[in-house]
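Just model-v5.csv here, CSV, C-alpha atoms:
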```csv
chain,number,residue,atom,x,y,z
A,1,MET,CA,-128.9,44.1,-9.3
A,2,ARG,CA,-127.7,41.2,-7.1
A,3,PHE,CA,-125.7,38.4,-8.7
A,4,LEU,CA,-124.6,35.0,-7.2
A,5,ILE,CA,-121.6,33.5,-9.0
A,6,ALA,CA,-121.3,29.8,-8.1
A,7,PRO,CA,-119.4,27.8,-10.7
A,8,ASP,CA,-117.5,24.5,-10.5
A,9,LYS,CA,-113.9,24.1,-12.0
A,10,TYR,CA,-113.1,23.6,-15.6
A,11,LYS,CA,-111.3,20.2,-15.5
A,12,GLY,CA,-107.8,20.6,-16.7
A,13,GLY,CA,-108.2,24.4,-16.8
A,14,LEU,CA,-109.5,27.1,-14.5
A,15,SER,CA,-110.3,26.4,-10.9
A,16,ALA,CA,-113.7,27.1,-9.6
A,17,GLU,CA,-112.3,30.2,-8.0
A,18,GLY,CA,-110.8,31.3,-11.3
A,19,VAL,CA,-114.0,30.8,-13.1
A,20,ALA,CA,-115.9,32.8,-10.5
A,21,ARG,CA,-113.4,35.7,-10.7
A,22,ALA,CA,-113.7,35.8,-14.5
A,23,ILE,CA,-117.5,35.9,-14.4
A,24,ALA,CA,-117.3,38.6,-11.7
A,25,ARG,CA,-115.1,40.8,-13.9
A,26,GLY,CA,-117.5,40.4,-16.8
A,27,LEU,CA,-120.5,41.3,-14.7
A,28,ARG,CA,-118.7,44.3,-13.3
A,29,ASP,CA,-118.0,45.5,-16.8
A,30,ALA,CA,-121.8,45.6,-17.5
A,31,PHE,CA,-123.0,46.4,-13.9
A,32,PRO,CA,-120.4,48.6,-12.2
A,33,ARG,CA,-122.6,49.1,-9.1
A,34,ALA,CA,-124.0,45.6,-8.9
A,35,SER,CA,-123.8,43.4,-5.8
A,36,LEU,CA,-121.6,40.3,-6.5
A,37,ARG,CA,-121.4,37.2,-4.2
A,38,LEU,CA,-118.7,34.7,-5.3
A,39,MET,CA,-119.4,31.2,-4.1
A,40,PRO,CA,-117.2,28.6,-5.9
A,41,LEU,CA,-118.6,25.1,-5.8
A,42,ALA,CA,-117.5,21.5,-6.1
A,43,ASP,CA,-119.1,18.1,-6.0
A,44,GLY,CA,-116.5,16.0,-4.3
A,45,GLY,CA,-113.8,16.2,-6.9
A,46,ASP,CA,-110.4,18.0,-6.9
A,47,GLY,CA,-110.8,21.4,-5.1
A,48,THR,CA,-113.6,20.4,-2.8
A,49,ALA,CA,-111.4,20.5,0.3
A,50,ARG,CA,-109.9,23.9,-0.6
A,51,ILE,CA,-113.4,25.4,-1.0
A,52,LEU,CA,-114.5,24.1,2.3
A,53,SER,CA,-111.3,25.1,4.1
A,54,ARG,CA,-111.6,28.6,2.8
A,55,ALA,CA,-115.2,28.9,3.6
A,56,PHE,CA,-114.6,27.8,7.3
A,57,LYS,CA,-111.2,29.5,7.5
A,58,ALA,CA,-109.5,26.2,8.3
A,59,ARG,CA,-105.8,26.1,8.8
A,60,ASN,CA,-103.9,24.8,5.7
A,61,ARG,CA,-101.9,21.7,6.4
A,62,SER,CA,-99.7,19.5,4.1
A,63,THR,CA,-98.6,15.9,4.7
A,64,ARG,CA,-96.1,13.9,2.7
A,65,VAL,CA,-97.7,10.6,1.6
A,66,GLN,CA,-97.2,7.9,-1.0
A,67,GLY,CA,-98.8,8.8,-4.3
A,68,PRO,CA,-100.7,6.4,-6.5
A,69,ARG,CA,-97.5,4.9,-7.9
A,70,PHE,CA,-95.7,5.1,-4.5
A,71,ARG,CA,-93.7,8.3,-5.2
A,72,PRO,CA,-93.9,10.7,-2.3
A,73,VAL,CA,-96.3,13.6,-2.8
A,74,ASN,CA,-97.2,16.6,-0.6
A,75,ALA,CA,-101.0,16.4,0.0
A,76,ALA,CA,-102.8,19.5,1.1
A,77,TRP,CA,-105.7,19.5,3.5
A,78,GLY,CA,-107.5,21.7,6.0
A,79,LEU,CA,-108.0,21.5,9.8
A,80,LEU,CA,-110.5,23.4,11.9
A,81,GLY,CA,-110.6,22.2,15.5
A,82,THR,CA,-111.7,18.6,15.2
A,83,ARG,CA,-112.9,18.9,11.6
A,84,ALA,CA,-110.6,18.1,8.6
A,85,PHE,CA,-111.2,18.6,4.9
A,86,MET,CA,-109.3,16.6,2.3
A,87,ASP,CA,-109.5,15.4,-1.3
A,88,MET,CA,-108.5,12.0,-2.6
A,89,ALA,CA,-107.1,13.7,-5.7
A,90,SER,CA,-104.4,15.4,-3.6
A,91,ALA,CA,-103.0,12.0,-2.4
A,92,SER,CA,-104.1,9.4,-4.8
A,93,GLY,CA,-105.3,11.4,-7.8
A,94,LEU,CA,-105.1,10.7,-11.5
A,95,ALA,CA,-103.6,14.1,-12.2
A,96,LEU,CA,-100.5,13.0,-10.2
A,97,LEU,CA,-99.6,10.5,-12.9
A,98,LYS,CA,-98.3,10.9,-16.4
A,99,PRO,CA,-100.6,9.5,-19.1
A,100,GLU,CA,-98.3,6.5,-19.7
A,101,GLU,CA,-98.3,5.7,-15.9
A,102,ARG,CA,-102.1,5.4,-15.6
A,103,ASP,CA,-102.9,1.8,-14.7
A,104,PRO,CA,-105.4,0.9,-12.0
A,105,MET,CA,-104.0,-2.6,-11.7
A,106,GLN,CA,-100.9,-0.9,-10.1
A,107,ALA,CA,-102.2,2.3,-8.6
A,108,THR,CA,-102.8,2.4,-4.9
A,109,SER,CA,-105.0,4.5,-2.6
A,110,ARG,CA,-102.4,4.2,0.3
A,111,GLY,CA,-101.8,7.9,0.3
A,112,ILE,CA,-105.3,8.9,1.3
A,113,GLY,CA,-105.2,6.4,4.2
A,114,GLN,CA,-102.0,8.0,5.4
A,115,LEU,CA,-103.7,11.4,5.1
A,116,ILE,CA,-106.6,10.2,7.2
A,117,LEU,CA,-104.2,8.9,9.8
A,118,ALA,CA,-102.3,12.2,9.9
A,119,ALA,CA,-105.6,14.0,10.4
A,120,THR,CA,-106.7,11.8,13.3
A,121,LYS,CA,-103.3,12.2,15.0
A,122,ALA,CA,-103.8,16.0,14.7
A,123,GLY,CA,-107.1,15.7,16.6
A,124,ALA,CA,-109.6,15.4,13.7
A,125,ARG,CA,-112.8,13.5,14.7
A,126,GLU,CA,-114.8,14.4,11.6
A,127,ILE,CA,-113.2,14.1,8.2
A,128,THR,CA,-114.9,15.3,5.0
A,129,LEU,CA,-113.3,13.6,2.1
A,130,GLY,CA,-113.9,14.4,-1.6
A,131,VAL,CA,-113.4,11.1,-3.4
A,132,GLY,CA,-113.4,12.4,-7.0
A,133,GLY,CA,-110.4,12.3,-9.3
A,134,SER,CA,-108.7,9.2,-8.1
A,135,ALA,CA,-106.3,7.1,-10.1
A,136,THR,CA,-107.3,3.8,-8.4
A,137,VAL,CA,-109.7,0.9,-8.7
A,138,ASP,CA,-108.5,-0.9,-5.6
A,139,GLY,CA,-111.6,-0.8,-3.4
A,140,GLY,CA,-109.7,1.2,-0.9
A,141,LEU,CA,-107.2,-1.7,-0.3
A,142,GLY,CA,-104.1,0.6,-0.1
A,143,ALA,CA,-105.8,3.2,2.1
A,144,LEU,CA,-107.2,0.6,4.5
A,145,ARG,CA,-103.9,-1.2,4.7
A,146,ALA,CA,-102.3,2.1,5.7
A,147,LEU,CA,-104.8,2.1,8.6
A,148,GLY,CA,-103.8,-1.3,9.8
A,149,ILE,CA,-106.4,-3.5,8.0
A,150,ARG,CA,-104.9,-6.7,6.5
A,151,PHE,CA,-105.9,-8.3,3.2
A,152,LEU,CA,-104.7,-11.9,3.1
A,153,ASP,CA,-104.4,-14.5,0.4
A,154,ALA,CA,-105.3,-18.2,0.8
A,155,ARG,CA,-101.9,-18.8,2.6
A,156,ARG,CA,-102.5,-15.9,5.0
A,157,ARG,CA,-99.9,-13.7,3.3
A,158,ASP,CA,-100.5,-10.0,2.6
A,159,VAL,CA,-101.6,-9.4,-1.0
A,160,PRO,CA,-99.9,-6.7,-3.1
A,161,GLU,CA,-101.4,-3.3,-3.4
A,162,GLY,CA,-103.2,-1.9,-6.4
A,163,GLY,CA,-106.0,-3.4,-8.4
A,164,ALA,CA,-104.0,-6.5,-9.1
A,165,GLY,CA,-103.9,-7.4,-5.4
A,166,LEU,CA,-107.7,-7.7,-5.3
A,167,LEU,CA,-107.5,-10.9,-7.4
A,168,ARG,CA,-105.6,-12.7,-4.5
A,169,ILE,CA,-107.8,-11.7,-1.6
A,170,ALA,CA,-109.2,-14.6,0.5
A,171,THR,CA,-109.8,-13.0,3.9
A,172,VAL,CA,-109.8,-9.5,5.5
A,173,ASP,CA,-108.6,-8.9,9.1
A,174,THR,CA,-109.6,-5.6,10.8
A,175,SER,CA,-108.4,-6.5,14.3
A,176,ALA,CA,-105.2,-4.4,14.0
A,177,CYS,CA,-106.9,-1.3,12.6
A,178,CYS,CA,-105.1,1.7,14.2
A,179,LEU,CA,-108.4,3.7,14.4
A,180,ARG,CA,-110.0,1.3,16.8
A,181,GLY,CA,-110.9,3.1,20.0
A,182,THR,CA,-111.2,6.4,18.1
A,183,ARG,CA,-114.5,8.2,17.6
A,184,LEU,CA,-114.5,9.3,14.0
A,185,ALA,CA,-117.1,10.4,11.4
A,186,LEU,CA,-115.9,9.9,7.9
A,187,ILE,CA,-118.1,11.8,5.3
A,188,LEU,CA,-117.4,10.7,1.8
A,189,LEU,CA,-118.4,13.2,-0.9
A,190,SER,CA,-119.2,11.7,-4.3
A,191,ASP,CA,-120.7,13.0,-7.6
A,192,VAL,CA,-121.7,9.5,-8.7
A,193,THR,CA,-124.1,6.8,-7.3
A,194,ASN,CA,-122.6,3.8,-9.1
A,195,PRO,CA,-122.4,0.6,-7.1
A,196,LEU,CA,-119.3,-1.4,-6.6
A,197,LEU,CA,-120.4,-4.2,-9.0
A,198,GLY,CA,-122.6,-4.7,-12.0
A,199,PRO,CA,-122.8,-3.1,-15.5
A,200,LYS,CA,-122.5,0.4,-13.9
A,201,GLY,CA,-119.9,-0.7,-11.4
A,202,ALA,CA,-116.5,0.7,-10.6
A,203,ALA,CA,-114.4,-1.3,-13.0
A,204,PRO,CA,-116.5,-1.0,-16.3
A,205,VAL,CA,-117.4,2.6,-15.8
A,206,PHE,CA,-114.3,4.2,-14.3
A,207,GLY,CA,-111.5,1.7,-15.1
A,208,PRO,CA,-111.1,2.9,-18.7
A,209,GLN,CA,-110.9,6.5,-17.6
A,210,LYS,CA,-108.0,5.5,-15.4
A,211,GLY,CA,-106.1,3.6,-18.1
A,212,ALA,CA,-107.5,0.1,-17.9
A,213,SER,CA,-107.8,-2.0,-21.1
A,214,PRO,CA,-110.9,-4.2,-21.7
A,215,GLU,CA,-108.9,-7.2,-20.3
A,216,LYS,CA,-107.9,-5.2,-17.2
A,217,VAL,CA,-111.5,-4.1,-16.7
A,218,LYS,CA,-112.5,-7.8,-16.5
A,219,ALA,CA,-109.7,-8.5,-14.1
A,220,LEU,CA,-110.6,-5.6,-11.9
A,221,THR,CA,-114.2,-6.7,-11.9
A,222,ARG,CA,-113.2,-10.2,-10.6
A,223,GLY,CA,-111.0,-8.6,-8.0
A,224,LEU,CA,-113.7,-6.3,-6.7
A,225,GLU,CA,-116.1,-9.3,-6.6
A,226,ARG,CA,-113.5,-11.1,-4.3
A,227,LEU,CA,-113.2,-8.0,-2.2
A,228,GLY,CA,-117.0,-7.7,-1.8
A,229,ALA,CA,-117.2,-11.4,-0.8
A,230,ALA,CA,-114.3,-11.1,1.7
A,231,ILE,CA,-115.9,-8.0,3.3
A,232,LEU,CA,-119.3,-9.9,3.6
A,233,ARG,CA,-117.6,-12.8,5.3
A,234,ALA,CA,-115.6,-10.7,7.6
A,235,THR,CA,-118.2,-8.1,8.7
A,236,GLY,CA,-121.5,-9.2,7.4
A,237,CYS,CA,-121.8,-6.0,5.4
A,238,PRO,CA,-123.1,-6.3,1.8
A,239,VAL,CA,-121.3,-3.7,-0.2
A,240,ALA,CA,-121.8,-4.9,-3.8
A,241,ARG,CA,-124.9,-2.8,-4.6
A,242,MET,CA,-124.7,0.0,-2.1
A,243,PRO,CA,-125.3,3.5,-3.6
A,244,HIS,CA,-122.0,5.4,-4.2
A,245,GLY,CA,-120.1,2.1,-3.5
A,246,GLY,CA,-118.2,2.2,-6.8
A,247,ALA,CA,-117.0,5.8,-6.4
A,248,ALA,CA,-113.2,6.4,-6.4
A,249,GLY,CA,-112.6,2.9,-7.7
A,250,GLY,CA,-114.7,1.3,-4.9
A,251,ILE,CA,-113.2,3.0,-2.0
A,252,VAL,CA,-116.6,4.0,-0.7
A,253,ALA,CA,-117.6,0.3,-0.5
A,254,GLY,CA,-114.3,-0.7,1.1
A,255,PHE,CA,-114.5,2.1,3.7
A,256,SER,CA,-118.2,1.4,4.5
A,257,GLY,CA,-117.8,-2.3,4.8
A,258,LEU,CA,-114.7,-2.3,6.9
A,259,LEU,CA,-114.1,1.0,8.7
A,260,GLY,CA,-117.8,1.5,9.0
A,261,THR,CA,-118.3,-1.7,11.0
A,262,ILE,CA,-115.7,-0.8,13.6
A,263,PRO,CA,-117.3,0.5,16.9
A,264,GLY,CA,-117.0,4.3,17.2
A,265,ILE,CA,-116.4,4.9,13.4
A,266,GLU,CA,-119.2,6.2,11.3
A,267,VAL,CA,-118.8,6.2,7.5
A,268,ARG,CA,-121.4,8.1,5.4
A,269,ALA,CA,-121.4,8.5,1.6
A,270,VAL,CA,-123.4,11.5,0.4
A,271,SER,CA,-123.9,13.6,-2.7
A,272,GLY,CA,-121.0,16.0,-2.9
A,273,ILE,CA,-122.9,19.0,-4.3
A,274,GLU,CA,-125.8,18.6,-1.9
A,275,HIS,CA,-123.3,18.6,1.0
A,276,LEU,CA,-121.5,21.7,-0.3
A,277,LEU,CA,-124.7,23.6,-0.8
A,278,ARG,CA,-125.7,22.9,2.8
A,279,GLU,CA,-122.3,23.7,4.3
A,280,LEU,CA,-122.1,27.0,2.4
A,281,ASP,CA,-125.7,27.9,3.1
A,282,ALA,CA,-126.4,28.3,-0.6
A,283,ASP,CA,-130.1,28.4,0.1
A,284,ALA,CA,-129.8,31.8,1.7
A,285,ALA,CA,-127.4,33.1,-1.0
A,286,VAL,CA,-129.8,32.0,-3.8
A,287,ARG,CA,-132.8,33.7,-2.1
A,288,LYS,CA,-130.9,37.0,-1.9
A,289,ALA,CA,-129.8,36.9,-5.6
A,290,ASP,CA,-131.6,38.3,-8.6
A,291,TRP,CA,-129.6,36.2,-11.1
A,292,ILE,CA,-127.3,33.2,-10.6
A,293,PHE,CA,-124.3,32.6,-12.9
A,294,THR,CA,-122.7,29.1,-12.8
A,295,GLY,CA,-120.6,26.9,-15.0
A,296,GLU,CA,-118.5,23.8,-15.3
A,297,GLY,CA,-116.0,22.2,-17.7
A,298,ARG,CA,-118.5,20.2,-19.7
A,299,LEU,CA,-122.3,20.7,-19.8
A,300,ASP,CA,-124.1,17.7,-21.3
A,301,ASP,CA,-127.0,15.4,-20.7
A,302,GLN,CA,-125.0,13.7,-17.9
A,303,THR,CA,-124.9,16.9,-15.9
A,304,GLU,CA,-128.4,16.2,-14.5
A,305,ARG,CA,-127.1,13.1,-12.7
A,306,GLY,CA,-125.5,14.5,-9.5
A,307,LYS,CA,-123.2,17.1,-10.9
A,308,THR,CA,-122.5,20.5,-9.4
A,309,LEU,CA,-124.5,22.5,-11.9
A,310,ALA,CA,-127.6,20.3,-11.6
A,311,GLY,CA,-127.6,20.5,-7.8
A,312,LEU,CA,-127.4,24.3,-7.9
A,313,ALA,CA,-130.0,24.6,-10.6
A,314,ALA,CA,-132.4,22.5,-8.6
A,315,LEU,CA,-132.0,24.8,-5.6
A,316,CYS,CA,-132.5,27.9,-7.9
A,317,ARG,CA,-135.6,26.3,-9.4
A,318,ARG,CA,-137.2,25.9,-6.0
A,319,HIS,CA,-136.7,29.6,-5.4
A,320,ARG,CA,-137.7,30.5,-9.0
A,321,LYS,CA,-134.4,32.2,-9.6
A,322,PRO,CA,-133.0,32.4,-13.2
A,323,VAL,CA,-129.7,30.6,-14.0
A,324,ILE,CA,-127.1,31.3,-16.7
A,325,ALA,CA,-124.4,28.7,-17.3
A,326,ILE,CA,-121.0,29.2,-19.0
A,327,ALA,CA,-119.3,25.9,-19.9
A,328,GLY,CA,-116.0,24.8,-21.3
A,329,SER,CA,-117.9,22.6,-23.8
A,330,LEU,CA,-121.6,22.1,-24.6
A,331,ASP,CA,-123.5,19.1,-25.7
A,332,ILE,CA,-126.9,19.4,-24.0
A,333,SER,CA,-130.4,18.9,-25.3
A,334,LEU,CA,-133.1,21.6,-24.9
A,335,ALA,CA,-135.1,19.1,-22.9
A,336,SER,CA,-132.3,18.7,-20.4
A,337,MET,CA,-131.8,22.5,-20.2
A,338,ASP,CA,-135.5,22.9,-19.5
A,339,ARG,CA,-135.6,20.2,-16.8
A,340,MET,CA,-132.8,21.9,-15.0
A,341,GLY,CA,-134.3,25.4,-15.4
A,342,LEU,CA,-131.4,27.0,-17.2
A,343,GLN,CA,-132.2,30.3,-18.9
A,344,ALA,CA,-129.2,30.3,-21.2
A,345,VAL,CA,-126.0,28.4,-21.7
A,346,PHE,CA,-122.8,29.4,-23.4
A,347,ALA,CA,-119.7,27.4,-24.4
A,348,ILE,CA,-116.1,28.4,-25.0
A,349,PRO,CA,-114.9,28.0,-28.6
A,350,ARG,CA,-111.9,25.6,-28.5
A,351,ARG,CA,-108.6,26.0,-30.2
A,352,SER,CA,-105.2,24.2,-30.2
A,353,CYS,CA,-102.9,25.8,-27.6
A,354,THR,CA,-100.8,25.2,-24.5
A,355,LEU,CA,-102.4,24.7,-21.1
A,356,ALA,CA,-101.4,28.2,-20.0
A,357,GLU,CA,-102.8,29.7,-23.2
A,358,SER,CA,-106.0,27.7,-22.7
A,359,ILE,CA,-106.5,29.0,-19.2
A,360,ALA,CA,-105.9,32.6,-20.3
A,361,HIS,CA,-108.3,32.1,-23.2
A,362,GLU,CA,-110.9,30.6,-20.9
A,363,SER,CA,-110.7,33.5,-18.5
A,364,ALA,CA,-111.0,36.2,-21.2
A,365,TRP,CA,-113.8,34.4,-22.9
A,366,ILE,CA,-115.8,33.8,-19.7
A,367,ARG,CA,-115.4,37.5,-18.8
A,368,ALA,CA,-116.6,38.6,-22.2
A,369,THR,CA,-119.5,36.1,-22.2
A,370,ALA,CA,-120.6,37.2,-18.7
A,371,ALA,CA,-120.5,40.8,-19.7
A,372,ASN,CA,-122.6,40.2,-22.8
A,373,ALA,CA,-125.1,38.2,-20.8
A,374,ALA,CA,-125.3,40.9,-18.2
A,375,ARG,CA,-126.0,43.5,-20.9
A,376,LEU,CA,-128.9,41.5,-22.1
A,377,ILE,CA,-130.2,41.4,-18.5
A,378,ARG,CA,-129.7,45.1,-18.3
A,379,ALA,CA,-131.7,45.7,-21.5
A,380,ALA,CA,-134.5,43.4,-20.2
A,381,SER,CA,-134.6,45.3,-16.9
A,382,HIS,CA,-134.7,48.7,-18.6
A,383,GLY,CA,-131.2,49.6,-17.5
A,384,HIS,CA,-131.7,49.2,-13.8
A,385,ASP,CA,-128.7,48.1,-11.7
```

What is this file in structure tokens?
Amino acid sequence: MRFLIAPDKYKGGLSAEGVARAIARGLRDAFPRASLRLMPLADGGDGTARILSRAFKARNRSTRVQGPRFRPVNAAWGLLGTRAFMDMASASGLALLKPEERDPMQATSRGIGQLILAATKAGAREITLGVGGSATVDGGLGALRALGIRFLDARRRDVPEGGAGLLRIATVDTSACCLRGTRLALILLSDVTNPLLGPKGAAPVFGPQKGASPEKVKALTRGLERLGAAILRATGCPVARMPHGGAAGGIVAGFSGLLGTIPGIEVRAVSGIEHLLRELDADAAVRKADWIFTGEGRLDDQTERGKTLAGLAALCRRHRKPVIAIAGSLDISLASMDRMGLQAVFAIPRRSCTLAESIAHESAWIRATAANAARLIRAASHGHD
């Protein structure tokens, strides 16, 4: 029996690699001689760069940058020749802040701009950036300022960083961008398609997740409107409704409308999971497998909309391969399961405990669940390995 094990991380718990190892131990309990292929996945969130770096055997690098509240952090990334892999979460991530510090009016994306600059100085000419998990709703203002782009108020003074600075933007000046003259492809991996503005825009959808009150959501919306208008005047690029533009607090719109209009710089926003599946040649892995085991932190009716599990399930459906999902929590309709082609889904029973206890509990439960599922497969296949 040949199994492909391709889960995402459990947010706040096991990494994708940890989930994959736990499933593998369970399958090995039931099928000692089975062929197991571990292929941890991500959709542009925290851990994406690590998965790509390991897959391509990139060199691990670390750069000290300013975090979302300006405290220095060591941001990890990978370099393979002229290709670099990095996550926004490592430099400007929500997980870098204490709960009481989360405030997108103050949080800056400066750190990821510094990381991009470090990568280009190291010779990178293609940067793959996972934009999930950010603490910011600044439209990329901080990151772009780190790259030399200026955001000016009505008196031609530099505006402050953070979401609050957006409210004072009158003009944008890209003439001093330090990437001018550099040939660079910037690939932004996102798990959402939300635009910069509108009811599904960056501020109303993602602002509350990052600590914004209803009043601050309104202020951030006005600020992003000013940013979009300033970008349109400066470059002629309409960013308000572009797909993925609202990802990472609007950084995709900011990068596309400003960096992407500089000669020699290409900015592409793509589905994170579709990109990972192509890069890891998941098509070939799925074709060779008899069963696919996957999982993610929460499986619900939103999973269909661009998440890791949905992208993998769509690939498996094309090859008519059965999929079993093991999730941290479960709130999914039978109709959604059927559309994704899932054979079975399981969820971890929750209990009050420390993070370390939770991770140990998750690992043990995933192993036991995978083993039980594999025994059902063994029974259905009349005991064949």

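A straight line drawn from CA of Leu376 in chain A to CA of Leu277 in chain A is 28.1 Å long.
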
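With all atoms listed in the file as the atoms that count, the minimum distance from Pro32 in chain A to the choices A:Ala374, A:Val239, A:Leu166, A:Cys178 is reached by A:Ala374.
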
*Neighbours of Thr308 in chain A within 8 Å (all atoms listed in the file; same-chain residues fewer than 4 positions away dropped), as a PyMOL selection string?*
chain A and resi 8+41-43+191+273+296+303+312

*Work out how far apart CA of Arg320 in chain A and CA of Thr294 in chain A are and give it in Å to one decimal.*
15.5 Å

_Set the distance at 6 Å and use only C-alpha atoms: which residues neighbour Val137 in chain A once local chain neighbours fewer than 6 positions away are removed? I'd like the list as a list of chain:residue names._
A:Pro104, A:Gly163, A:Gly249

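Between CA of Leu188 in chain A and CA of Val323 in chain A there is a distance of 28.2 Å.
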
*So which one's closest to Glu17 in chain A, A:Asn372, A:Thr82, A:Ser363, A:Gln114? Using only C-alpha atoms, please.*
A:Ser363

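Counting only C-alpha atoms, the residue from A:Leu79, A:Ala212, A:Ile5, A:Ala344 that sits nearest to Gly123 in chain A is A:Leu79.
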
Box dimensions and centre (Å, one decimal) enclosing range 60-65 of chain A, axis-aligned, 4 Å extra per side, as JSON:
```
{"center_x": -100.0, "center_y": 17.7, "center_z": 4.0, "size_x": 15.8, "size_y": 22.2, "size_z": 12.8}
```

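For the residues A:Ser90, A:Lys321, A:Ala313, A:Arg54, ranking by smallest atom-to-atom distance to Glu274 in chain A using all atoms listed in the file places A:Ala313 first.
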
*asked:* List the spatial neighbours of Phe206 in chain A as a PyMOL selection string - criterion: any atom at most 10 Å away, only C-alpha atoms, same-chain residues fewer than 3 positions off excluded.
replied: chain A and resi 104+134-137+194+200-203+209-212+217+246-250

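The smallest atom-to-atom distance between Asp153 in chain A and any of A:Leu227, A:Ala119, A:Met337, A:Val205, using only C-alpha atoms, is found for A:Leu227.
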
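Using only C-alpha atoms, the residues found no farther than 10 Å from Arg33 in chain A, other than those of its own chain fewer than 4 positions away, are Met1, Arg2, Leu27, Arg28, Asp29 and Asp385 of chain A.
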
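Considering the residues A:Cys316, A:Gly44, A:Trp291, A:Arg168 and counting only C-alpha atoms, Ser381 in chain A has its shortest atom-to-atom contact with A:Trp291.
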